[in-house]
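Right, one structure below, let's go through it.
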Amino acid sequence: MAVLYTHARLATLDPALAGLGLVESGAVLVEDGRIAYAGPAAQAPDGEETVDLGGRLVTPGLVDCHTHLVHGGHRAREFEMRLVGESYEAIARAGGGIVASLQATNALDVAGLVAATLPRLDALLCEGVTTIEVKSGYGLTIEGEIAMLRAARALAGSRPVRVKTSYLAAHAVPPAYKGRSTAYLDEVVLPGLERAAREGLVDAVDGFCEGIAFSPAEIARVFDKAVSLGLPVKLHAEQLSHLGGAALVASYGGLSADHLEYLDEAGAHAMADAGTVAVLLPGAFYAIHETRRPPVDLLRAAGVTIALATDCNPGTSPLTSLLLTMNMGATLFGLTVEECLAGVTREGARALGLLGETGTLERGKAADMAVWDVETPAELVYRMGFNPLHARIHAGRMERRRPSFAAMEEGAR
C-alpha cells in the first residue's frame with residue numbers, strides 16, 4: 001500500500017539541498033517500506049492512504065553508529081572511583097575497565113544477553129532511532145565474542161530496528177593473556193574473526209588502538225585479516241593519546257575513526273582523503289572527565305565529515321540517549337545544530353556504510369523516519385532530558401510513542 005504522509009515540515013538532510021534540506025510544506029510517499037517521494041506537498045503523488053502529520057517536523061530516523069549495547073552487568077563502582085579522582089587509564093591498569101565487564105558478559109548465554117540489552121535498545125528506539133551499530137568486545141574469548149554477535153543479530157528479530165555488527169575482540173587483552181597480546185591475537189582475535197565471518201555474524205571489524213590496548217602494528221594485523229575476508233574496518237583511535245590510529249584506519253579506507261581527542265593534522269587529512277568519518281563520542285568525554293576536546297575546527301578545515309554516537313557501554317559512557325548526545329556535541333564540542341542533526345542521521349549512516357540505504361529522506365531509501373512535536377529543528381539539540389518524539393517509522397511501519405499521562409487520564413474519565 002502507498003501511504004502519503006502530508007502536512008509535514010521535512011528536514012530531509014538531502015546533501016543536494018542547503019543546510020538541513022528543509023521543506024516547510026512537505027510530504028513523503030511510502031511504498032513497500034521505501035520512500036517513493038519526499039519533497040513539496042504540492043508536487044506529491046497520491047497515495048492509497050493519507051496520514052496528516054499536523055505540521056510536525058519529520059527527520060530521517062536516527063542512527064546510533066557506535067555502541068557497545070550488548071553486555072552483562074554494570075560498572076557503577078568505577079563511576080564512584082572516578083568521582084574521587086581515579087583516571088580511566090589507572091582503573092583499567094588495575095583490572096577495571098573493559099576487562100571488568102568480561103565476567104558479567106560471559107556469565108550470560110545469548111538469550112540472557114538479549115534480555116539484558118533490550119531495555120537499553122528500547123530507550124534508544126523511543127527517541128526515534130531506527131538504525132544501530134552493536135560491537136562485541138566484552139567476551140574476549142572466541143565463544144564469548146560469538147555469543148555477543150549472535151545476541152546483536154537477534155535484536156533485530158526482537159524489535160523493528162536495523163542492526164549492524166562490529167567485531168571488536170581487539171578491545172582489551174584479557175587476564176589470561178596478560179603480557180601476551182601477540183598470543184591473544186593469534187589464538188583468539190584472528191581465528192574468532194574468521195569464524196564470525198564464516199557464520200555471517202559480522203558486518204565490520206573494529207579495534208582499540210591505545211597504550212592500554214593494542215599498538216598500531218597489532219591493529220594492522222587485525223585489519224589485514226578483515227581485508228582478506230572482505231570486511232570494512234573502523235577504529236577506536238586517538239582517545240587517550242596520539243598513536244596514529246586515525247591515519248592507520250584511513251590507510252585501509254576505513255569507515256570511521258572514533259573518539260579522536262588526540263587527533264593531529266596529518267591524521268585529519270588522511271581521513272579526509274580516504275572518506276573516513278570522524279565519529280565523536282561526547283558521552284565518554286563527559287563520563288571520564290576528559291579535558292581535551294576533539295579538534296572540531298581541524299576536522300572542518302580538513303573536510304572530514306562528523307558523526308555523533310552514544311558509545312553506550314557499561315563503563316565510560318552509560319548513555320542511552322541520542323538526543324542528549326546531540327546536546328553534548330553542541331555544548332561540549334561546539335558543534336552546530338546542523339552538524340549535530342546530520343551527525344545522528346546522514347553522517348551516522350555514512351559511518352556504517354549505509355548512506356545508500358538510510359540517513360536521509362530521499363527517493364529509493366528505506367522509509368526510516370522520526371516525527372517530532374517541535375517548532376524548530378534546534379529544539380532537538382537544545383533540550384535536555386525531554387523527548388518530543390511523536391512517532392517512529394521504520395521501513396514504512398509507523399509506531400506511536402507510549403501514551404502520555406494526560407492521555408491516560410483522559411481515557412480514565
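Identifiers in this document derive from the order of the C-alpha cells: chains are assigned A, B, ..., residues are numbered from 1 separately in each chain, and ligands are numbered from 1 in order of occurrence.
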Using only C-alpha atoms, determine which residues lie at most 12 Å from region 314-317 of chain A, disregarding the query and same-chain residues fewer than 4 positions distant; provide the list as a PyMOL selection string. chain A and resi 66-82+87-89+91-92+96-102+104-105+116-117+120+137-138+239+259+281-290+309-310+321+325
Export C-alpha atoms of the chosen residues as a short mmCIF file (atom, residue, chain, number, x, y, z; two decimals), in the first residue's frame?
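Output file out24.cif follows:
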data_model
loop_
_atom_site.label_atom_id
_atom_site.label_comp_id
_atom_site.auth_asym_id
_atom_site.auth_seq_id
_atom_site.Cartn_x
_atom_site.Cartn_y
_atom_site.Cartn_z
CA HIS A 66 28.86 3.43 17.76
CA THR A 67 27.53 1.36 20.67
CA HIS A 68 28.59 -1.46 22.96
CA LEU A 69 24.94 -2.14 23.69
CA VAL A 70 25.28 -5.89 24.28
CA HIS A 71 26.92 -6.60 27.64
CA GLY A 72 26.29 -8.03 31.06
CA GLY A 73 26.47 -6.20 34.37
CA HIS A 74 27.44 -2.62 35.11
CA ARG A 75 30.46 -0.69 36.37
CA ALA A 76 28.92 1.75 38.82
CA ARG A 77 31.84 1.18 41.21
CA GLU A 78 34.21 2.66 38.63
CA PHE A 79 31.96 5.69 38.43
CA GLU A 80 32.45 6.15 42.16
CA MET A 81 36.23 5.76 41.73
CA ARG A 82 36.34 8.46 39.07
CA SER A 87 41.58 8.14 35.92
CA TYR A 88 40.16 5.80 33.30
CA GLU A 89 43.65 4.60 32.45
CA ILE A 91 41.30 1.99 36.63
CA ALA A 92 41.95 -0.09 33.51
CA GLY A 96 38.91 -2.46 35.85
CA GLY A 97 37.65 -1.02 32.61
CA ILE A 98 36.85 -3.31 29.71
CA VAL A 99 38.20 -6.42 31.43
CA ALA A 100 35.82 -5.84 34.36
CA SER A 101 32.86 -6.46 32.05
CA LEU A 102 34.26 -9.76 30.80
CA ALA A 104 29.48 -10.45 33.74
CA THR A 105 29.11 -10.74 29.97
CA ALA A 116 19.82 -7.62 29.31
CA THR A 117 20.18 -5.48 26.18
CA ARG A 120 18.82 -0.19 26.57
CA GLY A 137 34.40 -6.84 22.73
CA TYR A 138 33.44 -7.97 26.22
CA GLN A 239 41.18 8.79 22.57
CA HIS A 259 36.82 9.37 19.71
CA LEU A 281 31.56 10.43 21.40
CA PRO A 282 30.76 13.16 23.93
CA GLY A 283 29.29 10.70 26.43
CA ALA A 284 32.70 9.12 27.01
CA PHE A 285 34.39 12.55 27.10
CA TYR A 286 31.94 13.60 29.79
CA ALA A 287 31.98 10.38 31.83
CA ILE A 288 35.75 10.03 32.17
CA HIS A 289 36.25 13.74 32.91
CA GLU A 290 38.32 14.28 29.79
CA ALA A 309 27.00 8.45 18.70
CA THR A 310 26.20 7.42 22.26
CA SER A 321 20.02 8.91 24.57
CA THR A 325 24.29 13.10 22.81
#
Can you list, as JSON, numbers by chain, every protein, DNA or RNA residue that comes within 9 Å of region 166-178 of chain A when you count only C-alpha atoms, leaving out same-chain residues fewer than 6 positions away? {"A": [95, 98, 99, 102, 133, 134, 135, 136, 137, 138, 139, 140, 141, 142, 145, 146, 149, 184, 185, 188, 189, 190, 192, 193, 196, 201, 202, 203, 204, 205, 206, 207, 208, 209, 212, 213, 214, 218, 219, 222, 233, 234, 236]}
Per-residue DSSP, region 185-381 of chain A, filtered to strand (DSSP E or B), as a list in words: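 Strand (DSSP E or B) assignments inside region 185-381 of chain A correspond to Ala204, Val205, Phe208, Cys209, Phe214, Val233, Lys234, Leu235, His236, Ala237, Ser256, Ala257, Asp258, His259, Val277, Ala278, Val279, Leu280, Ile306, Ala307, Leu308, Ala366, Met369, Ala370, Val371 and Trp372 of chain A.
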Those in region 131-341 of chain A with alpha helix (DSSP H) from DSSP, as a ChimeraX atom specification: /A:142-158,181-184,190-198,216-228,245-251,265-274,282-287,296-302,322-333,337-341
Which value, in Å to one decimal, gives the distance between CA of Leu335 (chain A) and CA of Glu238 (chain A)?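 Answer for the CA of Leu335 (chain A) to CA of Glu238 (chain A) separation: 19.3 Å.
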Residues within 10 Å of Gly253 (chain A), only C-alpha atoms, excluding chain neighbours under 2 positions, as a list in words: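 Answer for this query is Pro232, Val233, Lys234, Ala247, Leu248, Val249, Ala250, Ser251, Leu255, Ser256, Ala270, Met271, Asp273, Ala274, Gly275 and Thr276 of chain A.
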Output N, CA and C atoms of each residue in that selection to a file, as a CSV table (one decimal), in the first residue's frame.
chain,number,residue,atom,x,y,z
A,232,PRO,N,34.8,-4.4,5.9
A,232,PRO,CA,35.3,-3.0,6.2
A,232,PRO,C,35.8,-2.9,7.6
A,233,VAL,N,36.6,-1.8,7.8
A,233,VAL,CA,37.2,-1.6,9.2
A,233,VAL,C,36.9,-0.2,9.7
A,234,LYS,N,37.0,-0.1,11.0
A,234,LYS,CA,36.8,1.1,11.8
A,234,LYS,C,37.7,1.0,13.0
A,247,ALA,N,45.2,7.8,11.1
A,247,ALA,CA,45.9,7.6,9.8
A,247,ALA,C,46.0,6.2,9.4
A,248,LEU,N,46.1,5.3,10.4
A,248,LEU,CA,46.2,3.9,10.1
A,248,LEU,C,44.8,3.4,9.5
A,249,VAL,N,43.7,3.7,10.2
A,249,VAL,CA,42.4,3.2,9.7
A,249,VAL,C,42.1,3.9,8.3
A,250,ALA,N,42.5,5.1,8.2
A,250,ALA,CA,42.3,5.8,6.9
A,250,ALA,C,43.1,5.1,5.8
A,251,SER,N,44.3,4.6,6.1
A,251,SER,CA,45.1,3.9,5.1
A,251,SER,C,44.4,2.6,4.6
A,255,LEU,N,35.8,2.9,7.4
A,255,LEU,CA,34.5,3.6,7.5
A,255,LEU,C,34.6,4.8,8.5
A,256,SER,N,35.3,4.6,9.6
A,256,SER,CA,35.3,5.6,10.6
A,256,SER,C,36.5,5.5,11.5
A,270,ALA,N,44.5,12.6,6.4
A,270,ALA,CA,44.4,11.2,5.9
A,270,ALA,C,43.0,10.7,5.9
A,271,MET,N,42.2,11.1,6.9
A,271,MET,CA,40.8,10.7,7.0
A,271,MET,C,40.0,11.4,5.9
A,273,ASP,N,41.1,12.4,3.0
A,273,ASP,CA,41.4,11.8,1.7
A,273,ASP,C,40.8,10.4,1.5
A,274,ALA,N,40.6,9.7,2.6
A,274,ALA,CA,40.0,8.3,2.5
A,274,ALA,C,38.5,8.3,2.6
A,275,GLY,N,37.9,9.5,3.0
A,275,GLY,CA,36.5,9.5,3.2
A,275,GLY,C,36.1,8.8,4.5
A,276,THR,N,37.0,8.7,5.4
A,276,THR,CA,36.8,8.1,6.7
A,276,THR,C,36.0,9.1,7.6
Restricting the calculation to only C-alpha atoms, which member of A:Ala217, A:Ile393, A:Ala367, A:Ala183 is positioned closest to Arg34 (chain A)?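 Residue with the minimum atom-to-atom distance to Arg34 (chain A): A:Ala367.
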Residue neighbourhood Gly39 (chain A), 10 Å, only C-alpha atoms, exclusion window fewer than 3 positions, as number ranges by chain: A: 8-12, 21-29, 42-44, 361-363
Need to verify the contact set: Arg159 (chain A), 12 Å, only C-alpha atoms, exclusion of same-chain residues closer than 3 positions in sequence. Can you return it as a list in words?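 Close residues of Arg159 (chain A): Val114, Ala115, Thr117, Leu118, Pro119, Arg120, Leu121, Asp122, Ala123, Leu124, Leu125, Cys126, Val129, Thr130, Thr131, Ile132, Ala152, Arg153, Ala154, Leu155, Ala156, Arg162, Val163, His394 and Glu399 of chain A.
In this structure, CA of His390 (chain A) sits 28.1 Å away from CA of Gly353 (chain A).
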Find the residues around Leu240 (chain A) up to 8 Å (only C-alpha atoms counted), leave out those fewer than 4 positions away in its own chain, and share them as a list of chain:residue names. A:Glu210, A:Glu261, A:Tyr262
Can you write out the residues you just picked, keeping all heavy atoms, as a short mmCIF file (atom, residue, chain, number, x, y, z; two decimals), in the first residue's frame?
data_model
loop_
_atom_site.label_atom_id
_atom_site.label_comp_id
_atom_site.auth_asym_id
_atom_site.auth_seq_id
_atom_site.Cartn_x
_atom_site.Cartn_y
_atom_site.Cartn_z
N GLU A 210 45.45 1.90 21.45
CA GLU A 210 45.77 2.74 22.59
C GLU A 210 46.83 2.05 23.43
O GLU A 210 47.02 0.83 23.34
CB GLU A 210 44.50 2.99 23.41
CG GLU A 210 44.60 4.10 24.45
CD GLU A 210 45.03 5.43 23.87
OE1 GLU A 210 44.25 6.07 23.14
OE2 GLU A 210 46.18 5.83 24.15
N GLU A 261 40.15 12.55 20.37
CA GLU A 261 40.55 13.70 21.18
C GLU A 261 41.99 14.15 20.88
O GLU A 261 42.32 15.33 20.94
CB GLU A 261 40.42 13.37 22.67
CG GLU A 261 39.00 13.50 23.22
CD GLU A 261 38.13 12.27 22.99
OE1 GLU A 261 38.48 11.41 22.15
OE2 GLU A 261 37.08 12.16 23.66
N TYR A 262 42.87 13.19 20.54
CA TYR A 262 44.28 13.49 20.30
C TYR A 262 44.65 13.44 18.81
O TYR A 262 45.81 13.28 18.46
CB TYR A 262 45.17 12.54 21.11
CG TYR A 262 45.17 12.86 22.58
CD1 TYR A 262 44.13 12.44 23.40
CD2 TYR A 262 46.19 13.60 23.17
CE1 TYR A 262 44.11 12.74 24.76
CE2 TYR A 262 46.19 13.90 24.52
CZ TYR A 262 45.14 13.46 25.31
OH TYR A 262 45.13 13.77 26.66
#
Quick check, in Å to one decimal: how far apart do CA of Asp297 (chain A) and CA of Pro377 (chain A) lie?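 Taking CA of Asp297 (chain A) and CA of Pro377 (chain A), their separation equals 23.0 Å.
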Residue nearest Asp368 (chain A) among A:Leu319, A:Leu298, A:Val58, A:Met328 (counting only C-alpha atoms):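 The shortest atom-to-atom distance to Asp368 (chain A) comes from A:Val58.
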If you count only C-alpha atoms, which residues fall within 7 Å of Val110 (chain A), apart from same-chain ones fewer than 4 positions away, as a PyMOL selection string? chain A and resi 114+147-148+150-151
